[in-house]
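As provided, structure_36.cif (mmCIF, N, CA and C atoms) reads as follows.
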```cif
data_start
#
loop_
_atom_site.label_atom_id
_atom_site.label_comp_id
_atom_site.auth_asym_id
_atom_site.auth_seq_id
_atom_site.Cartn_x
_atom_site.Cartn_y
_atom_site.Cartn_z
N MET G 1 -1.73 -28.75 21.92
CA MET G 1 -0.97 -29.93 21.53
C MET G 1 0.34 -29.54 20.83
N LYS G 2 0.27 -28.50 19.97
CA LYS G 2 1.48 -28.05 19.27
C LYS G 2 2.52 -27.53 20.26
N LEU G 3 2.06 -26.81 21.27
CA LEU G 3 2.98 -26.28 22.28
C LEU G 3 3.68 -27.43 23.01
N PHE G 4 2.93 -28.48 23.34
CA PHE G 4 3.53 -29.65 23.99
C PHE G 4 4.59 -30.28 23.10
N LEU G 5 4.29 -30.43 21.80
CA LEU G 5 5.26 -31.03 20.87
C LEU G 5 6.51 -30.18 20.74
N ILE G 6 6.34 -28.87 20.72
CA ILE G 6 7.49 -27.96 20.63
C ILE G 6 8.36 -28.10 21.88
N ILE G 7 7.74 -28.07 23.05
CA ILE G 7 8.50 -28.20 24.30
C ILE G 7 9.17 -29.57 24.39
N PHE G 8 8.44 -30.61 23.99
CA PHE G 8 8.99 -31.96 24.02
C PHE G 8 10.18 -32.09 23.08
N GLY G 9 10.07 -31.53 21.88
CA GLY G 9 11.16 -31.60 20.90
C GLY G 9 12.40 -30.86 21.37
N ILE G 10 12.20 -29.68 21.90
CA ILE G 10 13.35 -28.89 22.39
C ILE G 10 13.99 -29.60 23.58
N SER G 11 13.17 -30.12 24.49
CA SER G 11 13.71 -30.82 25.66
C SER G 11 14.50 -32.06 25.24
N SER G 12 13.96 -32.80 24.28
CA SER G 12 14.67 -33.99 23.80
C SER G 12 16.00 -33.61 23.18
N GLY G 13 16.02 -32.55 22.40
CA GLY G 13 17.27 -32.09 21.78
C GLY G 13 18.30 -31.68 22.81
N VAL G 14 17.85 -30.99 23.85
CA VAL G 14 18.77 -30.56 24.90
C VAL G 14 19.34 -31.77 25.64
N ILE G 15 18.50 -32.76 25.89
CA ILE G 15 18.96 -33.96 26.61
C ILE G 15 19.98 -34.72 25.77
N VAL G 16 19.69 -34.92 24.49
CA VAL G 16 20.62 -35.65 23.62
C VAL G 16 21.92 -34.86 23.46
N GLY G 17 21.81 -33.56 23.25
CA GLY G 17 23.00 -32.72 23.12
C GLY G 17 23.86 -32.76 24.38
N SER G 18 23.22 -32.75 25.54
CA SER G 18 23.96 -32.83 26.80
C SER G 18 24.68 -34.17 26.93
N GLY G 19 24.02 -35.23 26.47
CA GLY G 19 24.66 -36.54 26.50
C GLY G 19 25.88 -36.61 25.61
N VAL G 20 25.78 -36.02 24.43
CA VAL G 20 26.92 -36.02 23.51
C VAL G 20 28.08 -35.21 24.09
N VAL G 21 27.77 -34.05 24.63
CA VAL G 21 28.82 -33.22 25.23
C VAL G 21 29.45 -33.94 26.42
N SER G 22 28.62 -34.61 27.23
CA SER G 22 29.16 -35.37 28.37
C SER G 22 30.10 -36.47 27.91
N LEU G 23 29.72 -37.15 26.82
CA LEU G 23 30.59 -38.20 26.28
C LEU G 23 31.91 -37.62 25.80
N LEU G 24 31.85 -36.49 25.10
CA LEU G 24 33.09 -35.88 24.60
C LEU G 24 33.97 -35.40 25.76
N ILE G 25 33.35 -34.92 26.81
CA ILE G 25 34.12 -34.50 27.98
C ILE G 25 34.75 -35.71 28.67
N LEU G 26 33.97 -36.79 28.80
CA LEU G 26 34.49 -38.00 29.43
C LEU G 26 35.67 -38.56 28.66
N VAL G 27 35.54 -38.60 27.34
CA VAL G 27 36.61 -39.14 26.51
C VAL G 27 37.80 -38.19 26.49
N GLY G 28 37.56 -36.90 26.60
CA GLY G 28 38.64 -35.92 26.57
C GLY G 28 39.25 -35.76 25.20
N ILE G 29 38.40 -35.79 24.17
CA ILE G 29 38.90 -35.77 22.80
C ILE G 29 39.59 -34.45 22.45
N ILE G 30 39.08 -33.34 22.92
CA ILE G 30 39.66 -32.05 22.55
C ILE G 30 41.01 -31.83 23.23
N PRO G 31 41.13 -32.01 24.53
CA PRO G 31 42.46 -31.87 25.14
C PRO G 31 43.49 -32.86 24.58
N ARG G 32 43.03 -34.07 24.28
CA ARG G 32 43.95 -35.08 23.73
C ARG G 32 44.44 -34.66 22.35
N MET G 33 43.53 -34.15 21.53
CA MET G 33 43.91 -33.69 20.20
C MET G 33 44.89 -32.51 20.30
N ALA G 34 44.62 -31.61 21.23
CA ALA G 34 45.52 -30.47 21.42
C ALA G 34 46.88 -30.92 21.94
N GLN G 35 46.90 -31.93 22.79
CA GLN G 35 48.16 -32.44 23.31
C GLN G 35 48.99 -33.09 22.20
N ILE G 36 48.33 -33.89 21.37
CA ILE G 36 49.05 -34.58 20.30
C ILE G 36 49.59 -33.59 19.28
N SER G 37 48.79 -32.58 18.94
CA SER G 37 49.22 -31.60 17.93
C SER G 37 50.04 -30.45 18.51
N LYS G 38 50.26 -30.49 19.84
CA LYS G 38 51.04 -29.45 20.54
C LYS G 38 50.45 -28.06 20.31
N THR G 39 49.13 -27.96 20.41
CA THR G 39 48.42 -26.69 20.23
C THR G 39 47.45 -26.45 21.39
N LYS G 40 47.95 -26.58 22.61
CA LYS G 40 47.10 -26.44 23.80
C LYS G 40 46.51 -25.04 23.91
N GLU G 41 47.15 -24.04 23.34
CA GLU G 41 46.63 -22.68 23.43
C GLU G 41 45.37 -22.48 22.60
N PHE G 42 45.03 -23.44 21.73
CA PHE G 42 43.85 -23.32 20.88
C PHE G 42 42.68 -24.18 21.36
N ILE G 43 42.74 -24.69 22.59
CA ILE G 43 41.66 -25.56 23.09
C ILE G 43 40.32 -24.82 23.05
N GLY G 44 40.30 -23.56 23.43
CA GLY G 44 39.06 -22.78 23.38
C GLY G 44 38.50 -22.69 21.96
N ALA G 45 39.38 -22.49 20.99
CA ALA G 45 38.94 -22.44 19.59
C ALA G 45 38.42 -23.79 19.13
N TYR G 46 39.08 -24.88 19.54
CA TYR G 46 38.61 -26.22 19.17
C TYR G 46 37.21 -26.47 19.73
N GLU G 47 37.00 -26.10 20.98
CA GLU G 47 35.69 -26.31 21.60
C GLU G 47 34.62 -25.48 20.90
N SER G 48 34.94 -24.24 20.58
CA SER G 48 33.98 -23.38 19.87
C SER G 48 33.65 -23.94 18.49
N LEU G 49 34.66 -24.40 17.77
CA LEU G 49 34.43 -24.97 16.45
C LEU G 49 33.60 -26.25 16.52
N LEU G 50 33.80 -27.03 17.57
CA LEU G 50 33.00 -28.24 17.75
C LEU G 50 31.52 -27.88 17.95
N VAL G 51 31.26 -26.89 18.77
CA VAL G 51 29.88 -26.46 19.02
C VAL G 51 29.27 -25.86 17.76
N ILE G 52 30.01 -25.01 17.04
CA ILE G 52 29.50 -24.40 15.82
C ILE G 52 29.24 -25.46 14.76
N GLY G 53 30.16 -26.39 14.60
CA GLY G 53 29.97 -27.47 13.63
C GLY G 53 28.78 -28.34 13.96
N THR G 54 28.59 -28.63 15.24
CA THR G 54 27.43 -29.42 15.66
C THR G 54 26.14 -28.67 15.39
N LEU G 55 26.13 -27.38 15.68
CA LEU G 55 24.94 -26.56 15.43
C LEU G 55 24.59 -26.53 13.95
N PHE G 56 25.57 -26.23 13.10
CA PHE G 56 25.31 -26.18 11.66
C PHE G 56 24.95 -27.55 11.10
N GLY G 57 25.62 -28.59 11.58
CA GLY G 57 25.28 -29.94 11.13
C GLY G 57 23.86 -30.32 11.50
N SER G 58 23.44 -29.94 12.70
CA SER G 58 22.07 -30.23 13.13
C SER G 58 21.06 -29.46 12.28
N LEU G 59 21.33 -28.19 12.06
CA LEU G 59 20.41 -27.38 11.25
C LEU G 59 20.31 -27.91 9.82
N ILE G 60 21.42 -28.27 9.24
CA ILE G 60 21.42 -28.80 7.88
C ILE G 60 20.65 -30.12 7.83
N SER G 61 20.87 -30.95 8.85
CA SER G 61 20.20 -32.25 8.90
C SER G 61 18.69 -32.10 9.09
N ILE G 62 18.29 -31.22 9.99
CA ILE G 62 16.86 -31.03 10.27
C ILE G 62 16.16 -30.39 9.08
N GLN G 63 16.78 -29.41 8.47
CA GLN G 63 16.16 -28.68 7.36
C GLN G 63 16.24 -29.44 6.04
N GLY G 64 17.06 -30.45 5.97
CA GLY G 64 17.20 -31.22 4.74
C GLY G 64 17.85 -30.42 3.62
N MET G 65 18.74 -29.51 3.99
CA MET G 65 19.40 -28.67 2.99
C MET G 65 20.51 -29.44 2.30
N ASN G 66 20.75 -29.09 1.06
CA ASN G 66 21.87 -29.65 0.31
C ASN G 66 22.91 -28.57 0.09
N ILE G 67 24.14 -28.92 0.32
CA ILE G 67 25.24 -27.98 0.11
C ILE G 67 26.12 -28.56 -0.98
N ARG G 68 26.34 -27.82 -2.02
CA ARG G 68 27.18 -28.27 -3.12
C ARG G 68 28.62 -27.81 -2.85
N ILE G 69 29.46 -28.78 -2.51
CA ILE G 69 30.85 -28.45 -2.18
C ILE G 69 31.83 -29.08 -3.15
N GLY G 70 31.33 -29.85 -4.09
CA GLY G 70 32.19 -30.46 -5.10
C GLY G 70 32.94 -31.66 -4.55
N LYS G 71 33.71 -32.26 -5.42
CA LYS G 71 34.45 -33.48 -5.03
C LYS G 71 35.55 -33.18 -4.03
N ILE G 72 36.26 -32.08 -4.22
CA ILE G 72 37.34 -31.73 -3.29
C ILE G 72 36.76 -31.41 -1.91
N GLY G 73 35.66 -30.67 -1.86
CA GLY G 73 35.01 -30.36 -0.59
C GLY G 73 34.52 -31.61 0.11
N ALA G 74 33.96 -32.53 -0.68
CA ALA G 74 33.50 -33.80 -0.09
C ALA G 74 34.68 -34.60 0.44
N LEU G 75 35.80 -34.55 -0.25
CA LEU G 75 37.00 -35.26 0.20
C LEU G 75 37.50 -34.66 1.52
N VAL G 76 37.54 -33.34 1.60
CA VAL G 76 38.01 -32.68 2.83
C VAL G 76 37.04 -32.95 3.98
N ALA G 77 35.73 -32.85 3.71
CA ALA G 77 34.74 -33.10 4.76
C ALA G 77 34.80 -34.55 5.22
N GLY G 78 34.93 -35.48 4.30
CA GLY G 78 35.03 -36.90 4.66
C GLY G 78 36.28 -37.19 5.47
N LEU G 79 37.38 -36.56 5.09
CA LEU G 79 38.62 -36.74 5.84
C LEU G 79 38.49 -36.19 7.26
N ALA G 80 37.89 -35.00 7.38
CA ALA G 80 37.69 -34.40 8.70
C ALA G 80 36.77 -35.27 9.56
N TYR G 81 35.72 -35.79 8.95
CA TYR G 81 34.80 -36.68 9.68
C TYR G 81 35.52 -37.95 10.12
N GLY G 82 36.32 -38.51 9.24
CA GLY G 82 37.06 -39.71 9.57
C GLY G 82 38.05 -39.49 10.71
N VAL G 83 38.72 -38.34 10.69
CA VAL G 83 39.66 -38.02 11.76
C VAL G 83 38.91 -37.89 13.09
N PHE G 84 37.75 -37.21 13.06
CA PHE G 84 36.98 -37.04 14.28
C PHE G 84 36.51 -38.39 14.83
N VAL G 85 35.97 -39.23 13.97
CA VAL G 85 35.50 -40.55 14.41
C VAL G 85 36.68 -41.39 14.91
N GLY G 86 37.82 -41.29 14.25
CA GLY G 86 39.00 -42.02 14.70
C GLY G 86 39.45 -41.56 16.08
N PHE G 87 39.50 -40.25 16.29
CA PHE G 87 39.86 -39.73 17.61
C PHE G 87 38.86 -40.18 18.66
N LEU G 88 37.57 -40.11 18.32
CA LEU G 88 36.55 -40.49 19.28
C LEU G 88 36.65 -41.97 19.64
N SER G 89 36.79 -42.82 18.63
CA SER G 89 36.87 -44.25 18.93
C SER G 89 38.15 -44.61 19.66
N SER G 90 39.26 -43.98 19.29
CA SER G 90 40.50 -44.27 20.01
C SER G 90 40.45 -43.72 21.43
N GLY G 91 39.77 -42.60 21.60
CA GLY G 91 39.60 -42.05 22.94
C GLY G 91 38.76 -42.96 23.82
N LEU G 92 37.68 -43.48 23.25
CA LEU G 92 36.85 -44.43 24.00
C LEU G 92 37.63 -45.69 24.35
N THR G 93 38.39 -46.18 23.39
CA THR G 93 39.19 -47.37 23.64
C THR G 93 40.22 -47.10 24.72
N GLU G 94 40.82 -45.92 24.69
CA GLU G 94 41.83 -45.57 25.69
C GLU G 94 41.22 -45.44 27.07
N ILE G 95 40.03 -44.83 27.14
CA ILE G 95 39.36 -44.65 28.43
C ILE G 95 38.96 -46.00 29.02
N LEU G 96 38.42 -46.84 28.20
CA LEU G 96 37.90 -48.12 28.69
C LEU G 96 38.96 -49.20 28.80
N ASP G 97 40.16 -48.95 28.28
CA ASP G 97 41.22 -49.96 28.25
C ASP G 97 40.70 -51.27 27.67
N TYR G 98 39.95 -51.16 26.62
CA TYR G 98 39.25 -52.31 26.04
C TYR G 98 40.21 -53.36 25.50
N ILE G 99 41.14 -52.94 24.66
CA ILE G 99 42.02 -53.90 23.99
C ILE G 99 42.91 -54.64 24.98
N PRO G 100 43.58 -53.97 25.91
CA PRO G 100 44.41 -54.72 26.87
C PRO G 100 43.61 -55.70 27.74
N VAL G 101 42.40 -55.30 28.13
CA VAL G 101 41.58 -56.18 28.97
C VAL G 101 41.21 -57.43 28.20
N VAL G 102 40.78 -57.27 26.95
CA VAL G 102 40.41 -58.41 26.12
C VAL G 102 41.63 -59.29 25.86
N ALA G 103 42.77 -58.65 25.60
CA ALA G 103 43.99 -59.42 25.33
C ALA G 103 44.39 -60.26 26.54
N ARG G 104 44.28 -59.69 27.74
CA ARG G 104 44.61 -60.44 28.95
C ARG G 104 43.65 -61.61 29.16
N ARG G 105 42.37 -61.34 28.95
CA ARG G 105 41.39 -62.42 29.17
C ARG G 105 41.52 -63.53 28.15
N LEU G 106 41.88 -63.19 26.93
CA LEU G 106 42.05 -64.22 25.89
C LEU G 106 43.48 -64.77 25.87
N LYS G 107 44.32 -64.26 26.76
CA LYS G 107 45.71 -64.68 26.87
C LYS G 107 46.48 -64.51 25.57
N ILE G 108 46.30 -63.32 24.96
CA ILE G 108 47.00 -62.97 23.73
C ILE G 108 48.29 -62.26 24.13
N PRO G 109 49.44 -62.67 23.61
CA PRO G 109 50.70 -61.99 23.95
C PRO G 109 50.69 -60.51 23.53
N ALA G 110 51.36 -59.70 24.31
CA ALA G 110 51.40 -58.26 24.05
C ALA G 110 52.01 -57.95 22.68
N LEU G 111 52.83 -58.83 22.18
CA LEU G 111 53.47 -58.65 20.88
C LEU G 111 52.43 -58.52 19.76
N TYR G 112 51.30 -59.21 19.92
CA TYR G 112 50.28 -59.24 18.86
C TYR G 112 49.26 -58.11 18.96
N LEU G 113 49.34 -57.27 19.99
CA LEU G 113 48.36 -56.19 20.14
C LEU G 113 48.37 -55.22 18.97
N LYS G 114 49.55 -54.91 18.45
CA LYS G 114 49.61 -53.97 17.33
C LYS G 114 48.93 -54.55 16.10
N TYR G 115 49.02 -55.86 15.92
CA TYR G 115 48.35 -56.49 14.77
C TYR G 115 46.83 -56.49 14.96
N ILE G 116 46.40 -56.62 16.19
CA ILE G 116 44.96 -56.57 16.47
C ILE G 116 44.42 -55.17 16.16
N ILE G 117 45.16 -54.15 16.57
CA ILE G 117 44.73 -52.77 16.31
C ILE G 117 44.71 -52.49 14.81
N ILE G 118 45.73 -52.92 14.09
CA ILE G 118 45.77 -52.73 12.63
C ILE G 118 44.61 -53.47 11.97
N ALA G 119 44.32 -54.68 12.43
CA ALA G 119 43.19 -55.44 11.87
C ALA G 119 41.87 -54.72 12.12
N MET G 120 41.72 -54.11 13.30
CA MET G 120 40.51 -53.36 13.59
C MET G 120 40.39 -52.14 12.67
N LEU G 121 41.50 -51.45 12.45
CA LEU G 121 41.48 -50.28 11.57
C LEU G 121 41.14 -50.67 10.13
N VAL G 122 41.77 -51.72 9.64
CA VAL G 122 41.50 -52.17 8.27
C VAL G 122 40.04 -52.63 8.15
N GLY G 123 39.55 -53.33 9.15
CA GLY G 123 38.16 -53.76 9.14
C GLY G 123 37.19 -52.59 9.14
N LYS G 124 37.52 -51.56 9.90
CA LYS G 124 36.68 -50.36 9.94
C LYS G 124 36.65 -49.69 8.57
N VAL G 125 37.80 -49.56 7.94
CA VAL G 125 37.87 -48.92 6.63
C VAL G 125 37.10 -49.73 5.59
N ILE G 126 37.32 -51.03 5.56
CA ILE G 126 36.63 -51.88 4.57
C ILE G 126 35.13 -51.87 4.83
N GLY G 127 34.73 -51.96 6.10
CA GLY G 127 33.30 -51.90 6.44
C GLY G 127 32.67 -50.59 6.02
N SER G 128 33.40 -49.49 6.23
CA SER G 128 32.88 -48.18 5.82
C SER G 128 32.75 -48.10 4.31
N LEU G 129 33.75 -48.57 3.59
CA LEU G 129 33.68 -48.54 2.12
C LEU G 129 32.53 -49.38 1.59
N ILE G 130 32.34 -50.56 2.17
CA ILE G 130 31.21 -51.40 1.74
C ILE G 130 29.88 -50.71 2.09
N GLY G 131 29.80 -50.17 3.29
CA GLY G 131 28.58 -49.47 3.69
C GLY G 131 28.26 -48.29 2.79
N TRP G 132 29.28 -47.50 2.47
CA TRP G 132 29.06 -46.34 1.60
C TRP G 132 28.67 -46.77 0.19
N SER G 133 29.28 -47.84 -0.30
CA SER G 133 28.92 -48.28 -1.66
C SER G 133 27.50 -48.80 -1.69
N ILE G 134 27.03 -49.43 -0.62
CA ILE G 134 25.64 -49.91 -0.58
C ILE G 134 24.69 -48.73 -0.45
N ILE G 135 25.03 -47.77 0.42
CA ILE G 135 24.17 -46.61 0.61
C ILE G 135 24.09 -45.78 -0.66
N GLN G 136 25.21 -45.60 -1.36
CA GLN G 136 25.24 -44.80 -2.57
C GLN G 136 24.72 -45.56 -3.78
N GLY G 137 24.46 -46.83 -3.63
CA GLY G 137 23.91 -47.61 -4.75
C GLY G 137 24.97 -48.17 -5.67
N GLY G 138 26.16 -48.36 -5.17
CA GLY G 138 27.19 -49.06 -5.91
C GLY G 138 28.05 -48.19 -6.71
#
```
Rewritten as structure tokens:
Amino acid sequence: MKLFLIIFGISSGVIVGSGVVSLLILVGIIPRMAQISKTKEFIGAYESLLVIGTLFGSLISIQGMNIRIGKIGALVAGLAYGVFVGFLSSGLTEILDYIPVVARRLKIPALYLKYIIIAMLVGKVIGSLIGWSIIQGG
């Protein structure tokens, strides 16, 4: 029974990891980031760092380890996480052409699209702050 659980757990992890990598490839987050920052020669390093970060993040999460990085470290880690989530969500939005499609269907003038995007960003930030304050206990 233990052998079955071990094989099942490893298989599940490989399937989920493959799905995440497929999503990142579909969105094209790494090449897009390299294009914006004009650092295309570092794409290999970006990909390696993404894999290493995912591996360490998974190990830390599974093992329940605590890392004391202080307030500055938490600020840097939070900023890096926010940038990654922002790139991922903007990449998904760009791939799916979500905002223009919704704007056309709702007959919203193109002039107002920038305000819609800003409202979404502000809403995301406020929602995250409220969520973090509830999770942290106020």
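The smallest atom-to-atom distance between Ala34 of chain G and any of G:Leu59, G:Phe87, G:Val21, G:Gly78, using only C-alpha atoms, is found for G:Phe87.
Separating atom CA of Met33 of chain G from atom CA of Thr54 of chain G is a distance of 17.6 Å.
The spacing separating atom CA of Leu23 of chain G from atom N of Leu88 of chain G amounts to 10.8 Å.
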Taking the backbone alone, and naming residues the way the document does, which bits of segment 63-111 of chain G are helix (DSSP H, G or I) by DSSP, as a VMD selection string? chain G and resid 63 70 to 96 98 to 105 110 to 111
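Here atom CA of Val14 of chain G stands at a distance of 22.8 Å from atom CA of Leu92 of chain G.
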Could I see segment 68-79 of chain G restored to all heavy atoms, set down as a short mmCIF file (atom, residue, chain, number, x, y, z; two decimals), keeping the file's coordinate frame?
```cif
data_model
loop_
_atom_site.label_atom_id
_atom_site.label_comp_id
_atom_site.auth_asym_id
_atom_site.auth_seq_id
_atom_site.Cartn_x
_atom_site.Cartn_y
_atom_site.Cartn_z
N ARG G 68 26.34 -27.82 -2.02
CA ARG G 68 27.18 -28.27 -3.12
C ARG G 68 28.62 -27.81 -2.85
O ARG G 68 28.92 -26.63 -2.93
CB ARG G 68 26.67 -27.69 -4.43
CG ARG G 68 25.22 -28.03 -4.68
CD ARG G 68 24.95 -28.26 -6.14
NE ARG G 68 23.54 -28.51 -6.37
CZ ARG G 68 23.02 -29.73 -6.39
NH1 ARG G 68 23.78 -30.77 -6.19
NH2 ARG G 68 21.73 -29.91 -6.61
N ILE G 69 29.46 -28.78 -2.51
CA ILE G 69 30.85 -28.45 -2.18
C ILE G 69 31.83 -29.08 -3.15
O ILE G 69 33.02 -28.87 -3.03
CB ILE G 69 31.19 -28.86 -0.73
CG1 ILE G 69 30.92 -30.35 -0.49
CG2 ILE G 69 30.43 -28.01 0.26
CD1 ILE G 69 31.33 -30.84 0.87
N GLY G 70 31.33 -29.85 -4.09
CA GLY G 70 32.19 -30.46 -5.10
C GLY G 70 32.94 -31.66 -4.55
O GLY G 70 32.82 -32.03 -3.38
N LYS G 71 33.71 -32.26 -5.42
CA LYS G 71 34.45 -33.48 -5.03
C LYS G 71 35.55 -33.18 -4.03
O LYS G 71 35.77 -33.94 -3.09
CB LYS G 71 35.03 -34.15 -6.27
CG LYS G 71 33.97 -34.76 -7.16
CD LYS G 71 34.58 -35.45 -8.35
CE LYS G 71 33.48 -36.05 -9.21
NZ LYS G 71 34.02 -36.73 -10.38
N ILE G 72 36.26 -32.08 -4.22
CA ILE G 72 37.34 -31.73 -3.29
C ILE G 72 36.76 -31.41 -1.91
O ILE G 72 37.30 -31.85 -0.89
CB ILE G 72 38.15 -30.53 -3.82
CG1 ILE G 72 38.76 -30.83 -5.19
CG2 ILE G 72 39.22 -30.10 -2.83
CD1 ILE G 72 39.80 -31.93 -5.16
N GLY G 73 35.66 -30.67 -1.86
CA GLY G 73 35.01 -30.36 -0.59
C GLY G 73 34.52 -31.61 0.11
O GLY G 73 34.63 -31.74 1.32
N ALA G 74 33.96 -32.53 -0.68
CA ALA G 74 33.50 -33.80 -0.09
C ALA G 74 34.68 -34.60 0.44
O ALA G 74 34.57 -35.24 1.49
CB ALA G 74 32.74 -34.60 -1.14
N LEU G 75 35.80 -34.55 -0.25
CA LEU G 75 37.00 -35.26 0.20
C LEU G 75 37.50 -34.66 1.52
O LEU G 75 37.81 -35.41 2.46
CB LEU G 75 38.09 -35.17 -0.87
CG LEU G 75 39.39 -35.88 -0.55
CD1 LEU G 75 39.19 -37.38 -0.54
CD2 LEU G 75 40.45 -35.50 -1.57
N VAL G 76 37.54 -33.34 1.60
CA VAL G 76 38.01 -32.68 2.83
C VAL G 76 37.04 -32.95 3.98
O VAL G 76 37.46 -33.28 5.09
CB VAL G 76 38.17 -31.16 2.59
CG1 VAL G 76 38.42 -30.42 3.89
CG2 VAL G 76 39.30 -30.90 1.61
N ALA G 77 35.73 -32.85 3.71
CA ALA G 77 34.74 -33.10 4.76
C ALA G 77 34.80 -34.55 5.22
O ALA G 77 34.73 -34.83 6.42
CB ALA G 77 33.34 -32.75 4.25
N GLY G 78 34.93 -35.48 4.30
CA GLY G 78 35.03 -36.90 4.66
C GLY G 78 36.28 -37.19 5.47
O GLY G 78 36.24 -37.97 6.43
N LEU G 79 37.38 -36.56 5.09
CA LEU G 79 38.62 -36.74 5.84
C LEU G 79 38.49 -36.19 7.26
O LEU G 79 38.88 -36.85 8.23
CB LEU G 79 39.79 -36.07 5.11
CG LEU G 79 41.15 -36.21 5.75
CD1 LEU G 79 41.58 -37.67 5.76
CD2 LEU G 79 42.17 -35.37 5.00
#
```
